[in-house]
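Have a look at the structure below, then the notes.
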Amino acid sequence: MSSELHTDIAIIGAGPAGIAAAIAACAQGAHVTLVDDNPRPGGQIWRGGPSQAPASASSTFRQLADSQARLLSGFRVAAIPAPGQLLLEDPHRAQVLRYGKLIIASGARERLLPFPGWTLPGVTGAGGLQALVKGGLDVRDQHIVLAGTGPLLLASAATLRAAGAQVLLIAEQAPWSQLARFGWALKAYPAKLAQAASLAWQLGGVPYHHASHVLAALGQTRLEGVQLQLGARTLTLPCDWLGVGYGLLPNTELLRALHCQISQGAAEVDALMQTSQAGIYAVGEATGIGGVDKALLEGRIAGLAATGAAAAAQALAPKRKRQLAFAALLDKHFALQPAITQLAQPDTLVCRCEDVSHASLQLFDSWREAKLQTRCGMGACQGRICGAACESLYGWQGSGDRPPLLPTRLGSLLEPTLAKANPT
Amino acid sequence: MNPVMHGDVLIIGAGIIGSALAEQCARRGLRVAVAEAAIPAAGTSAAGMGHLVVLDDNPAELALSRDGLARWQARRHELPANAEYRACGTLWLARDEAEMQEAERKQAGYQQHGLSSNLLPATALRKLEPALAPNLAGALQVPDDAVLYPPVASRWLLQNAQALGAQLWCKAQVSSVDDEGVARLADGRLLRARHIVIAAGNASATLLPGLPLKPRKGQLLITERYPQRIRHQLVELGYIRSAHASDGDSVAFNVQPRATGQLLIGSSRQFHDTDPAINWPLLQAMLSRALEYLPSLRQLQALRSWAGFRPATPDKLPLLGKVPGHSRLWLATGHEGLGITTALASAHLLADLLCEQAPALDPTPYNPARFGPWSLADQHHPVGVAA
């Protein structure tokens with residue numbers, strides 16, 4: 001492989017949104033390059049690729065396989081050395097990708113919020129635990145508690161159960177009134193309702209508590225149990241794993257580095273999925289958390305729009321309204337209860353990379369000041385986890401990301417074509 | 001509107017220079033206020049390496065940096081642990097015989113001023129820092145040089161001042177000053193003091209147009225943690241003499257081991273680039289240079305890179321003293337890349353001048369009058385400017 005590649009349409013992220021964009025753009029005859037940091041396409045929801053994905057995904061994977069899209073698996077976007085260029089890195093080499101148009105399908109990550117004991121081994125995200133199991137973690141006969149908020153808890157529980165784990169209970173922070181309204185509103189989305197019913201069937205017998213949350217993870221060197229607030233009472237339960245996720249957050253690092261407008265944590269896009277930057281599109285969870293159907297539709301719209309099929313893209317726009325309404329439902333009914341942001345004790349670490357406690361952060365008024373004085377957010381995750389936590393806990397807005405986007409080998413930053421391509 | 005603050009000294013800018021001066025003035029019993037446009041220690045003070053180094057390009061630079069280092073050394077045990085003061089020393093690296101001669105010349109200069117340093121032949125250098133390229137000719141070790149983490153050290157100075165009664169005004173953007181001791185904030189408030197000191201780094205020129213101050217861009221990169229890989233601040237001997245002497249863009253090898261085990265990699269200098277974004281070709285040139293000296297860096301993980309702007313004067317010496325032609329208006333800025341090293345020395349010197357005491361150092365080389373005079377930016381105050 002030469003160290004510089006060219007493509008008409010670069011797509012970042014090979015989850016449902018990225019794949020749908022690739023299929024649509026290829027069908028228009030464009031040269032498409034699909035970049036993903038996992039070994040196989042599928043994203044988080046279809047993790048593990050065609051062989052492990054649900055039947056509903058198989059036709060999408062088949063269309064991708066039949067398309068002319070070039071797939072760069074295992075590559076991460078390290079930096080943007082110049083307009084129209086991305087520096088990619090895999091475990092062995094670096095690669096410059098020059099593109100005409102860019103579609104960003106960067107997906108989402110879990111919102112993790114600090115509570116006492118959350119850094120103990122054995123405590124993970126709810127979706128994170130699901131991903132570990134899909135990746136081969138053996139959880140047979142392990143006792144697991146899931147907590148947090150949103151439909152992901154149910155999906156995660158179903159995966160864990162199918163893998164032989166004993167899911168002891170699910171603690172959902174939303175109150176019953178919100179859940180009931182969400183359930184009622186689902187009637188307008190028969191497919192989602194069917195998914196929910198199927199999950200409920202698979203989870204028969206697993207206690208599901210509303211208005212409930214984790215108070216603390218217990219254990220000396222590893223997780224031994226969990227203390228829960230279940231409605232008005234508290235309960236301590238021994239367990240082997242604790243998965244806690246407070247919903248999903250769009251991954252916007254690449255978008256911000258490209259100066260795309262972000263509002264309320266997600267990329268701002270027009271009806272054709274174009275961001276505030278001409279020629280740069282955002283699709284799927286990156287534009288707001290809405291699930292796989294929204295992702296597939298938005299990917300298709302962007303794939304068409306980026307290849308000049310504006311009319312065909314425009315024709316799909318009305319369908320998107322419905323998906324956005326569903327996304328708004330999720331947002332509204334699973335909104336965080338105030339108690340969730342008040343769980344951290346003074347000695348609870350908020351920034352795990354740099355060991356910065358809640359007490360030391362409370363002294364400051366802004367992310368920038370706290371960062372400079374405590375190194376909060378300066379570690380290997382570059383504030384991906386604690387940045388969101390600080391926003392929830394203290395109301396701070398992050399500032400100025402600094403390249404590279406992810407830790408990158410020094411040698412990769414020296415990828416020789418950069419300097420040649422961008423003389424001063 | 002009536003002025004809201006009355007005091008002896010109003011310092012504009014809570015970077016490390018303004019903070020050190022605030023502490024020094026407060027210690028002398030002056031009533032001090034500090035007006036900071038954004039947040040303390042978040043400008044040039046936060047962008048640099050924090051290398052406390054004696055530089056010997058000229059006698060005035062040597063005097064100020066030497067005094068600054070001595071003052072940090074004297075207070076090292078007062079500093080909070082997270083200021084990460086470490087006396088790691090500097091190794092000035094020589095690539096060939098010509099640079100070894102430069103090292104000898106440098107040693108002779110240090111010796112003359114009673115500063116200790118050791119000439120290291122190649123074998124001794126290899127033992128001290130095995131990660132260095134094997135083809136280096138040797139080094140000059142300056143054992144008393146040190147490093148610290150500037151944002152925390154700067155904040156500590158400011159907090160000392162506050163503990164002694166200094167007032168801190170954050171988000172207080174000063175839009176104009178006059179020679180009557182009045183500063184007008186962007187929100188219309190007025191602050192009044194007997195003396196006003198402009199210590200606003202690059203922003204100082206917005207209050208004093210014509211101030212011979214140019215932002216000189218520099219880029220740094222920090223790695224993940226690799227403890228014990230390097231133990232000294234490593235600088236190439238060509239740092240001053242060749243690479244950074246010109247007015248064009250330049251890079252020079254400069255690597256610092258942080259207390260965290262991270263490596264801070266520099267350095268670059270650029271005029272005429274006011275974009276805070278990373279200049280990639282220059283970043284690459286800087287990293288290539290670093291690899292010449294430390295080949296094993298290639299496999300390390302880069303965590304973050306950033307750019308900052310050093311406030312530079314034409315003769316590379318700071319502006320410390322009265323604004324020429326004015327009686328109540330002072331300057332403490334223009335330290336370029338030496339502001340962290342010299343902060344305590346500059347603060348002492350200016351506090352001496354403010355208190356009309358005989359300064360320990362000869363203030364002449366730093367006197368702003370060597371460039372002046374300038375007129376004030378102030379269009380709002382039709383206040384007569386005494387000439």
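Chains: A, B, ... in order of the structure tokens. Residues: from 1 per chain. Ligands: from 1, in order shown.
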Item to complete: Kindly determine which residues of chain A lie within 6 Å of chain B, considering only C-alpha atoms, and give the answer as a list of chain:residue names.
Response: A:Gln373, A:Arg402, A:Pro403, A:Pro404, A:Pro407, A:Thr408, A:Arg409, A:Leu410, A:Gly411, A:Leu414, A:Ala419
For the residues in the current selection, export C-alpha atoms as a PDB file, in the first residue's frame.
ATOM      1  CA  GLN A 373      -4.332  23.401  37.335  1.00  0.00           C
ATOM      2  CA  ARG A 402      -5.424  19.609  20.420  1.00  0.00           C
ATOM      3  CA  PRO A 403      -4.033  17.331  17.750  1.00  0.00           C
ATOM      4  CA  PRO A 404      -3.619  14.397  17.360  1.00  0.00           C
ATOM      5  CA  PRO A 407      -2.573   9.083  20.818  1.00  0.00           C
ATOM      6  CA  THR A 408      -0.479   8.567  17.691  1.00  0.00           C
ATOM      7  CA  ARG A 409       3.061   7.286  17.120  1.00  0.00           C
ATOM      8  CA  LEU A 410       5.523  10.105  16.585  1.00  0.00           C
ATOM      9  CA  GLY A 411       6.749   8.317  13.493  1.00  0.00           C
ATOM     10  CA  LEU A 414       6.225  12.342  10.205  1.00  0.00           C
ATOM     11  CA  ALA A 419       5.098  18.373   4.365  1.00  0.00           C
TER      12      ALA A 419
END
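Looking only at range 100-132 of chain A, the set that DSSP places in strand (DSSP E or B) from backbone geometry is Gly100, Lys101, Leu102, Ile103, Ile104, Ala108, Arg109, Glu110, Val123 and Thr124 of chain A.
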Practice prompt. For range 102-114 of chain A, please output as a PyMOL selection string all residues within 6 Å (counting only C-alpha atoms; exclusion window: fewer than 2 positions along the same chain).
Written response: chain A and resi 9-13+17-18+245-251+280-286+344+350+389
Take the residues that were just selected and, keeping C-alpha atoms, output them as a PDB file, in the first residue's frame.
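Result file is part-v1.pdb:
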ATOM      1  CA  ILE A   9     -15.785  10.153  -0.886  1.00  0.00           C
ATOM      2  CA  ALA A  10     -14.120   9.313   2.405  1.00  0.00           C
ATOM      3  CA  ILE A  11     -16.442   7.856   5.033  1.00  0.00           C
ATOM      4  CA  ILE A  12     -15.291   7.676   8.623  1.00  0.00           C
ATOM      5  CA  GLY A  13     -16.975   4.943  10.613  1.00  0.00           C
ATOM      6  CA  ALA A  17     -24.680   4.937   8.933  1.00  0.00           C
ATOM      7  CA  GLY A  18     -21.251   4.686   7.286  1.00  0.00           C
ATOM      8  CA  GLY A 245     -24.204   3.636  31.229  1.00  0.00           C
ATOM      9  CA  TYR A 246     -26.100   6.909  31.278  1.00  0.00           C
ATOM     10  CA  GLY A 247     -27.106   6.903  27.665  1.00  0.00           C
ATOM     11  CA  LEU A 248     -25.018   7.704  24.595  1.00  0.00           C
ATOM     12  CA  LEU A 249     -23.126  10.788  23.490  1.00  0.00           C
ATOM     13  CA  PRO A 250     -22.244  11.615  19.873  1.00  0.00           C
ATOM     14  CA  ASN A 251     -18.540  11.369  19.035  1.00  0.00           C
ATOM     15  CA  ILE A 280     -18.461  17.595   4.973  1.00  0.00           C
ATOM     16  CA  TYR A 281     -21.469  15.506   5.999  1.00  0.00           C
ATOM     17  CA  ALA A 282     -22.394  13.969   9.335  1.00  0.00           C
ATOM     18  CA  VAL A 283     -24.687  10.964   9.759  1.00  0.00           C
ATOM     19  CA  GLY A 284     -26.011   8.560  12.372  1.00  0.00           C
ATOM     20  CA  GLU A 285     -25.437   9.014  16.084  1.00  0.00           C
ATOM     21  CA  ALA A 286     -23.009  11.885  15.371  1.00  0.00           C
ATOM     22  CA  ALA A 344     -19.499  11.502  43.468  1.00  0.00           C
ATOM     23  CA  VAL A 350     -13.530  12.168  38.030  1.00  0.00           C
ATOM     24  CA  ALA A 389     -18.627  13.976  33.233  1.00  0.00           C
TER      25      ALA A 389
END
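Pairwise distance (CA of Arg28 in chain B, CA of Leu191 in chain B) equals 21.3 Å.
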Discussion item. Calculated over only C-alpha atoms, which of the candidates B:Ala203, B:Leu319, B:Cys25, B:Leu91 has the smallest distance to Asn254 in chain B?
Written reply: B:Leu91
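Comparing B:Ser65, B:Gln112, B:Gln233, B:Ser175 by their smallest distance to Ile198 in chain B, the closest is B:Ser175 (using only C-alpha atoms).
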I need the residues in range 42-243 of chain B that are alpha helix (DSSP H) according to DSSP; give them as a PDB file with N, CA and C atoms, in the first residue's frame.
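Here's the written file out.pdb:
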ATOM      1  N   THR B  44       0.485  32.839  27.597  1.00  0.00           N
ATOM      2  CA  THR B  44       1.837  32.353  27.322  1.00  0.00           C
ATOM      3  C   THR B  44       2.354  31.491  28.478  1.00  0.00           C
ATOM      4  N   SER B  45       1.939  31.829  29.708  1.00  0.00           N
ATOM      5  CA  SER B  45       2.418  31.076  30.875  1.00  0.00           C
ATOM      6  C   SER B  45       2.037  29.603  30.814  1.00  0.00           C
ATOM      7  N   ALA B  46       0.913  29.305  30.153  1.00  0.00           N
ATOM      8  CA  ALA B  46       0.459  27.918  30.095  1.00  0.00           C
ATOM      9  C   ALA B  46       1.000  27.186  28.877  1.00  0.00           C
ATOM     10  N   ALA B  47       1.594  27.912  27.950  1.00  0.00           N
ATOM     11  CA  ALA B  47       1.964  27.291  26.682  1.00  0.00           C
ATOM     12  C   ALA B  47       3.393  26.785  26.643  1.00  0.00           C
ATOM     13  N   PRO B  59      25.081  39.882  28.667  1.00  0.00           N
ATOM     14  CA  PRO B  59      25.174  40.039  30.122  1.00  0.00           C
ATOM     15  C   PRO B  59      23.823  40.322  30.786  1.00  0.00           C
ATOM     16  N   ALA B  60      22.965  41.087  30.110  1.00  0.00           N
ATOM     17  CA  ALA B  60      21.681  41.432  30.731  1.00  0.00           C
ATOM     18  C   ALA B  60      20.777  40.212  30.831  1.00  0.00           C
ATOM     19  N   GLU B  61      20.776  39.384  29.808  1.00  0.00           N
ATOM     20  CA  GLU B  61      19.979  38.153  29.823  1.00  0.00           C
ATOM     21  C   GLU B  61      20.502  37.221  30.900  1.00  0.00           C
ATOM     22  N   LEU B  62      21.818  37.121  30.986  1.00  0.00           N
ATOM     23  CA  LEU B  62      22.427  36.243  31.980  1.00  0.00           C
ATOM     24  C   LEU B  62      22.093  36.724  33.392  1.00  0.00           C
ATOM     25  N   ALA B  63      22.194  38.018  33.620  1.00  0.00           N
ATOM     26  CA  ALA B  63      21.940  38.556  34.965  1.00  0.00           C
ATOM     27  C   ALA B  63      20.509  38.265  35.414  1.00  0.00           C
ATOM     28  N   LEU B  64      19.555  38.495  34.512  1.00  0.00           N
ATOM     29  CA  LEU B  64      18.152  38.322  34.888  1.00  0.00           C
ATOM     30  C   LEU B  64      17.794  36.844  35.048  1.00  0.00           C
ATOM     31  N   SER B  65      18.272  35.998  34.119  1.00  0.00           N
ATOM     32  CA  SER B  65      17.911  34.578  34.206  1.00  0.00           C
ATOM     33  C   SER B  65      18.602  33.923  35.400  1.00  0.00           C
ATOM     34  N   ARG B  66      19.794  34.354  35.682  1.00  0.00           N
ATOM     35  CA  ARG B  66      20.528  33.809  36.823  1.00  0.00           C
ATOM     36  C   ARG B  66      19.835  34.191  38.139  1.00  0.00           C
ATOM     37  N   ASP B  67      19.432  35.442  38.232  1.00  0.00           N
ATOM     38  CA  ASP B  67      18.735  35.903  39.432  1.00  0.00           C
ATOM     39  C   ASP B  67      17.391  35.179  39.568  1.00  0.00           C
ATOM     40  N   GLY B  68      16.717  35.005  38.435  1.00  0.00           N
ATOM     41  CA  GLY B  68      15.423  34.305  38.454  1.00  0.00           C
ATOM     42  C   GLY B  68      15.568  32.874  38.935  1.00  0.00           C
ATOM     43  N   LEU B  69      16.546  32.162  38.378  1.00  0.00           N
ATOM     44  CA  LEU B  69      16.760  30.766  38.769  1.00  0.00           C
ATOM     45  C   LEU B  69      17.093  30.677  40.260  1.00  0.00           C
ATOM     46  N   ALA B  70      17.975  31.579  40.719  1.00  0.00           N
ATOM     47  CA  ALA B  70      18.374  31.551  42.128  1.00  0.00           C
ATOM     48  C   ALA B  70      17.165  31.747  43.040  1.00  0.00           C
ATOM     49  N   ARG B  71      16.243  32.609  42.617  1.00  0.00           N
ATOM     50  CA  ARG B  71      15.059  32.857  43.453  1.00  0.00           C
ATOM     51  C   ARG B  71      14.118  31.656  43.477  1.00  0.00           C
ATOM     52  N   TRP B  72      13.967  30.973  42.326  1.00  0.00           N
ATOM     53  CA  TRP B  72      13.161  29.735  42.317  1.00  0.00           C
ATOM     54  C   TRP B  72      13.815  28.676  43.212  1.00  0.00           C
ATOM     55  N   GLN B  73      15.150  28.554  43.065  1.00  0.00           N
ATOM     56  CA  GLN B  73      15.855  27.557  43.879  1.00  0.00           C
ATOM     57  C   GLN B  73      15.629  27.812  45.365  1.00  0.00           C
ATOM     58  N   ALA B  74      15.700  29.087  45.745  1.00  0.00           N
ATOM     59  CA  ALA B  74      15.564  29.432  47.153  1.00  0.00           C
ATOM     60  C   ALA B  74      14.162  29.109  47.684  1.00  0.00           C
ATOM     61  N   ARG B  75      13.180  29.069  46.772  1.00  0.00           N
ATOM     62  CA  ARG B  75      11.795  28.872  47.229  1.00  0.00           C
ATOM     63  C   ARG B  75      11.246  27.501  46.850  1.00  0.00           C
ATOM     64  N   GLU B  97      32.899  18.636  16.868  1.00  0.00           N
ATOM     65  CA  GLU B  97      33.971  19.337  17.577  1.00  0.00           C
ATOM     66  C   GLU B  97      33.718  20.839  17.670  1.00  0.00           C
ATOM     67  N   ALA B  98      33.179  21.394  16.579  1.00  0.00           N
ATOM     68  CA  ALA B  98      32.893  22.835  16.597  1.00  0.00           C
ATOM     69  C   ALA B  98      31.918  23.171  17.720  1.00  0.00           C
ATOM     70  N   GLU B  99      30.921  22.329  17.894  1.00  0.00           N
ATOM     71  CA  GLU B  99      29.948  22.592  18.953  1.00  0.00           C
ATOM     72  C   GLU B  99      30.539  22.297  20.333  1.00  0.00           C
ATOM     73  N   MET B 100      31.512  21.375  20.397  1.00  0.00           N
ATOM     74  CA  MET B 100      32.198  21.147  21.668  1.00  0.00           C
ATOM     75  C   MET B 100      32.974  22.401  22.081  1.00  0.00           C
ATOM     76  N   GLN B 101      33.541  23.056  21.076  1.00  0.00           N
ATOM     77  CA  GLN B 101      34.252  24.311  21.385  1.00  0.00           C
ATOM     78  C   GLN B 101      33.276  25.367  21.903  1.00  0.00           C
ATOM     79  N   GLU B 102      32.092  25.362  21.329  1.00  0.00           N
ATOM     80  CA  GLU B 102      31.044  26.265  21.800  1.00  0.00           C
ATOM     81  C   GLU B 102      30.694  25.935  23.266  1.00  0.00           C
ATOM     82  N   ALA B 103      30.659  24.638  23.556  1.00  0.00           N
ATOM     83  CA  ALA B 103      30.378  24.207  24.933  1.00  0.00           C
ATOM     84  C   ALA B 103      31.452  24.729  25.880  1.00  0.00           C
ATOM     85  N   GLU B 104      32.701  24.656  25.447  1.00  0.00           N
ATOM     86  CA  GLU B 104      33.811  25.153  26.276  1.00  0.00           C
ATOM     87  C   GLU B 104      33.689  26.654  26.504  1.00  0.00           C
ATOM     88  N   ARG B 105      33.366  27.363  25.427  1.00  0.00           N
ATOM     89  CA  ARG B 105      33.210  28.809  25.544  1.00  0.00           C
ATOM     90  C   ARG B 105      32.093  29.141  26.542  1.00  0.00           C
ATOM     91  N   LYS B 106      31.005  28.376  26.415  1.00  0.00           N
ATOM     92  CA  LYS B 106      29.855  28.570  27.294  1.00  0.00           C
ATOM     93  C   LYS B 106      30.265  28.282  28.746  1.00  0.00           C
ATOM     94  N   GLN B 107      31.032  27.237  28.934  1.00  0.00           N
ATOM     95  CA  GLN B 107      31.456  26.880  30.293  1.00  0.00           C
ATOM     96  C   GLN B 107      32.301  28.000  30.908  1.00  0.00           C
ATOM     97  N   ALA B 108      33.203  28.538  30.076  1.00  0.00           N
ATOM     98  CA  ALA B 108      34.072  29.616  30.564  1.00  0.00           C
ATOM     99  C   ALA B 108      33.230  30.804  31.027  1.00  0.00           C
ATOM    100  N   GLY B 109      32.185  31.109  30.243  1.00  0.00           N
ATOM    101  CA  GLY B 109      31.296  32.214  30.598  1.00  0.00           C
ATOM    102  C   GLY B 109      30.582  31.973  31.914  1.00  0.00           C
ATOM    103  N   TYR B 110      30.041  30.763  32.072  1.00  0.00           N
ATOM    104  CA  TYR B 110      29.351  30.413  33.315  1.00  0.00           C
ATOM    105  C   TYR B 110      30.303  30.521  34.498  1.00  0.00           C
ATOM    106  N   GLN B 111      31.519  29.984  34.273  1.00  0.00           N
ATOM    107  CA  GLN B 111      32.520  29.955  35.340  1.00  0.00           C
ATOM    108  C   GLN B 111      32.809  31.367  35.844  1.00  0.00           C
ATOM    109  N   GLN B 112      32.934  32.260  34.867  1.00  0.00           N
ATOM    110  CA  GLN B 112      33.235  33.645  35.164  1.00  0.00           C
ATOM    111  C   GLN B 112      32.196  34.256  36.119  1.00  0.00           C
ATOM    112  N   ALA B 122      31.869  12.291  25.024  1.00  0.00           N
ATOM    113  CA  ALA B 122      30.811  11.428  24.474  1.00  0.00           C
ATOM    114  C   ALA B 122      30.492  10.238  25.379  1.00  0.00           C
ATOM    115  N   THR B 123      31.519   9.596  25.921  1.00  0.00           N
ATOM    116  CA  THR B 123      31.279   8.392  26.724  1.00  0.00           C
ATOM    117  C   THR B 123      30.492   8.723  27.996  1.00  0.00           C
ATOM    118  N   ALA B 124      30.874   9.810  28.639  1.00  0.00           N
ATOM    119  CA  ALA B 124      30.172  10.204  29.861  1.00  0.00           C
ATOM    120  C   ALA B 124      28.725  10.582  29.559  1.00  0.00           C
ATOM    121  N   LEU B 125      28.523  11.241  28.423  1.00  0.00           N
ATOM    122  CA  LEU B 125      27.174  11.636  28.013  1.00  0.00           C
ATOM    123  C   LEU B 125      26.308  10.399  27.805  1.00  0.00           C
ATOM    124  N   ARG B 126      26.914   9.399  27.138  1.00  0.00           N
ATOM    125  CA  ARG B 126      26.187   8.152  26.851  1.00  0.00           C
ATOM    126  C   ARG B 126      25.722   7.491  28.146  1.00  0.00           C
ATOM    127  N   LYS B 127      26.575   7.553  29.148  1.00  0.00           N
ATOM    128  CA  LYS B 127      26.213   6.932  30.433  1.00  0.00           C
ATOM    129  C   LYS B 127      25.048   7.671  31.103  1.00  0.00           C
ATOM    130  N   LEU B 128      25.091   9.000  30.996  1.00  0.00           N
ATOM    131  CA  LEU B 128      24.030   9.797  31.628  1.00  0.00           C
ATOM    132  C   LEU B 128      22.693   9.641  30.912  1.00  0.00           C
ATOM    133  N   PRO B 150       4.472  25.443  34.896  1.00  0.00           N
ATOM    134  CA  PRO B 150       4.179  26.872  35.079  1.00  0.00           C
ATOM    135  C   PRO B 150       2.761  27.242  35.511  1.00  0.00           C
ATOM    136  N   PRO B 151       1.698  26.619  34.993  1.00  0.00           N
ATOM    137  CA  PRO B 151       0.367  27.098  35.415  1.00  0.00           C
ATOM    138  C   PRO B 151       0.169  27.003  36.919  1.00  0.00           C
ATOM    139  N   VAL B 152       0.685  25.924  37.524  1.00  0.00           N
ATOM    140  CA  VAL B 152       0.505  25.757  38.969  1.00  0.00           C
ATOM    141  C   VAL B 152       1.419  26.707  39.746  1.00  0.00           C
ATOM    142  N   ALA B 153       2.658  26.851  39.286  1.00  0.00           N
ATOM    143  CA  ALA B 153       3.579  27.773  39.959  1.00  0.00           C
ATOM    144  C   ALA B 153       3.032  29.198  39.901  1.00  0.00           C
ATOM    145  N   SER B 154       2.477  29.554  38.753  1.00  0.00           N
ATOM    146  CA  SER B 154       1.939  30.896  38.556  1.00  0.00           C
ATOM    147  C   SER B 154       0.739  31.132  39.466  1.00  0.00           C
ATOM    148  N   ARG B 155      -0.129  30.144  39.534  1.00  0.00           N
ATOM    149  CA  ARG B 155      -1.314  30.241  40.372  1.00  0.00           C
ATOM    150  C   ARG B 155      -0.924  30.354  41.859  1.00  0.00           C
ATOM    151  N   TRP B 156       0.141  29.629  42.202  1.00  0.00           N
ATOM    152  CA  TRP B 156       0.637  29.672  43.588  1.00  0.00           C
ATOM    153  C   TRP B 156       1.089  31.088  43.958  1.00  0.00           C
ATOM    154  N   LEU B 157       1.817  31.730  43.069  1.00  0.00           N
ATOM    155  CA  LEU B 157       2.257  33.108  43.317  1.00  0.00           C
ATOM    156  C   LEU B 157       1.056  34.031  43.521  1.00  0.00           C
ATOM    157  N   LEU B 158       0.058  33.859  42.676  1.00  0.00           N
ATOM    158  CA  LEU B 158      -1.131  34.704  42.744  1.00  0.00           C
ATOM    159  C   LEU B 158      -1.878  34.468  44.060  1.00  0.00           C
ATOM    160  N   GLN B 159      -1.959  33.207  44.451  1.00  0.00           N
ATOM    161  CA  GLN B 159      -2.654  32.897  45.712  1.00  0.00           C
ATOM    162  C   GLN B 159      -1.899  33.461  46.912  1.00  0.00           C
ATOM    163  N   ASN B 160      -0.572  33.447  46.838  1.00  0.00           N
ATOM    164  CA  ASN B 160       0.217  34.083  47.899  1.00  0.00           C
ATOM    165  C   ASN B 160      -0.133  35.561  47.997  1.00  0.00           C
ATOM    166  N   ALA B 161      -0.237  36.187  46.828  1.00  0.00           N
ATOM    167  CA  ALA B 161      -0.580  37.615  46.807  1.00  0.00           C
ATOM    168  C   ALA B 161      -1.963  37.838  47.410  1.00  0.00           C
ATOM    169  N   GLN B 162      -2.901  36.989  47.018  1.00  0.00           N
ATOM    170  CA  GLN B 162      -4.276  37.128  47.527  1.00  0.00           C
ATOM    171  C   GLN B 162      -4.315  36.929  49.040  1.00  0.00           C
ATOM    172  N   ALA B 163      -3.492  35.980  49.531  1.00  0.00           N
ATOM    173  CA  ALA B 163      -3.453  35.739  50.979  1.00  0.00           C
ATOM    174  C   ALA B 163      -2.935  36.975  51.715  1.00  0.00           C
ATOM    175  N   SER B 204      -0.410  43.343  25.699  1.00  0.00           N
ATOM    176  CA  SER B 204       0.025  44.664  26.163  1.00  0.00           C
ATOM    177  C   SER B 204      -0.003  45.690  25.039  1.00  0.00           C
ATOM    178  N   ALA B 205       0.265  45.241  23.832  1.00  0.00           N
ATOM    179  CA  ALA B 205       0.340  46.170  22.702  1.00  0.00           C
ATOM    180  C   ALA B 205      -1.019  46.766  22.356  1.00  0.00           C
ATOM    181  N   THR B 206      -2.113  46.120  22.789  1.00  0.00           N
ATOM    182  CA  THR B 206      -3.422  46.714  22.498  1.00  0.00           C
ATOM    183  C   THR B 206      -3.642  47.952  23.366  1.00  0.00           C
ATOM    184  N   LEU B 207      -2.957  48.017  24.524  1.00  0.00           N
ATOM    185  CA  LEU B 207      -3.076  49.203  25.372  1.00  0.00           C
ATOM    186  C   LEU B 207      -2.041  50.262  25.014  1.00  0.00           C
ATOM    187  N   GLY B 238      23.118  24.391  19.293  1.00  0.00           N
ATOM    188  CA  GLY B 238      22.798  25.340  18.220  1.00  0.00           C
ATOM    189  C   GLY B 238      21.551  26.154  18.519  1.00  0.00           C
TER     190      GLY B 238
END
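The residue set within 9 Å of Ile340 in chain B, counting only C-alpha atoms and dropping same-chain residues fewer than 4 places from it, reads Ile16, Ile17, Ser45, Gly48, Met49, Gly50, His51, Leu52, Gly68, Leu148, Pro150, Ser154, His335 and Leu344 of chain B.
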Using C-alpha atoms, can you export the residues from the last selection as a PDB file, in the first residue's frame?
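Everything below was put into result-v1.pdb:
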ATOM      1  CA  ILE B  16       3.304  34.402  35.726  1.00  0.00           C
ATOM      2  CA  ILE B  17       4.840  37.901  35.472  1.00  0.00           C
ATOM      3  CA  SER B  45       2.418  31.076  30.875  1.00  0.00           C
ATOM      4  CA  GLY B  48       5.647  26.943  27.479  1.00  0.00           C
ATOM      5  CA  MET B  49       7.910  24.223  28.801  1.00  0.00           C
ATOM      6  CA  GLY B  50       8.748  25.548  32.244  1.00  0.00           C
ATOM      7  CA  HIS B  51      12.488  25.132  31.775  1.00  0.00           C
ATOM      8  CA  LEU B  52      14.318  27.240  34.377  1.00  0.00           C
ATOM      9  CA  GLY B  68      15.423  34.305  38.454  1.00  0.00           C
ATOM     10  CA  LEU B 148       8.552  23.214  36.832  1.00  0.00           C
ATOM     11  CA  PRO B 150       4.179  26.872  35.079  1.00  0.00           C
ATOM     12  CA  SER B 154       1.939  30.896  38.556  1.00  0.00           C
ATOM     13  CA  HIS B 335      10.068  38.121  28.266  1.00  0.00           C
ATOM     14  CA  LEU B 344      10.698  36.257  40.257  1.00  0.00           C
TER      15      LEU B 344
END
Worksheet item: Using only C-alpha atoms, which residue out of A:Ala94, A:Leu361, A:Leu406, A:Val77 lies closest to Gln382 in chain A?
Response: A:Leu406
Practice prompt. Tell me, as an NGL selection string, which residues lie within 10 Å of Trp118 in chain A, counting only C-alpha atoms; anything in the same chain fewer than 5 positions away does not count.
Written response: :A and (112-113 or 123-125 or 214-218 or 223 or 242-244 or 344 or 348-350 or 352)
Discussion item. Excluding Gly204 in chain A and its own-chain neighbours fewer than 5 positions away, which residues fall within 12 Å of it when counting only C-alpha atoms? Please give them as number ranges by chain.
Written reply: A: 154, 157-158, 161, 167-169, 197-199
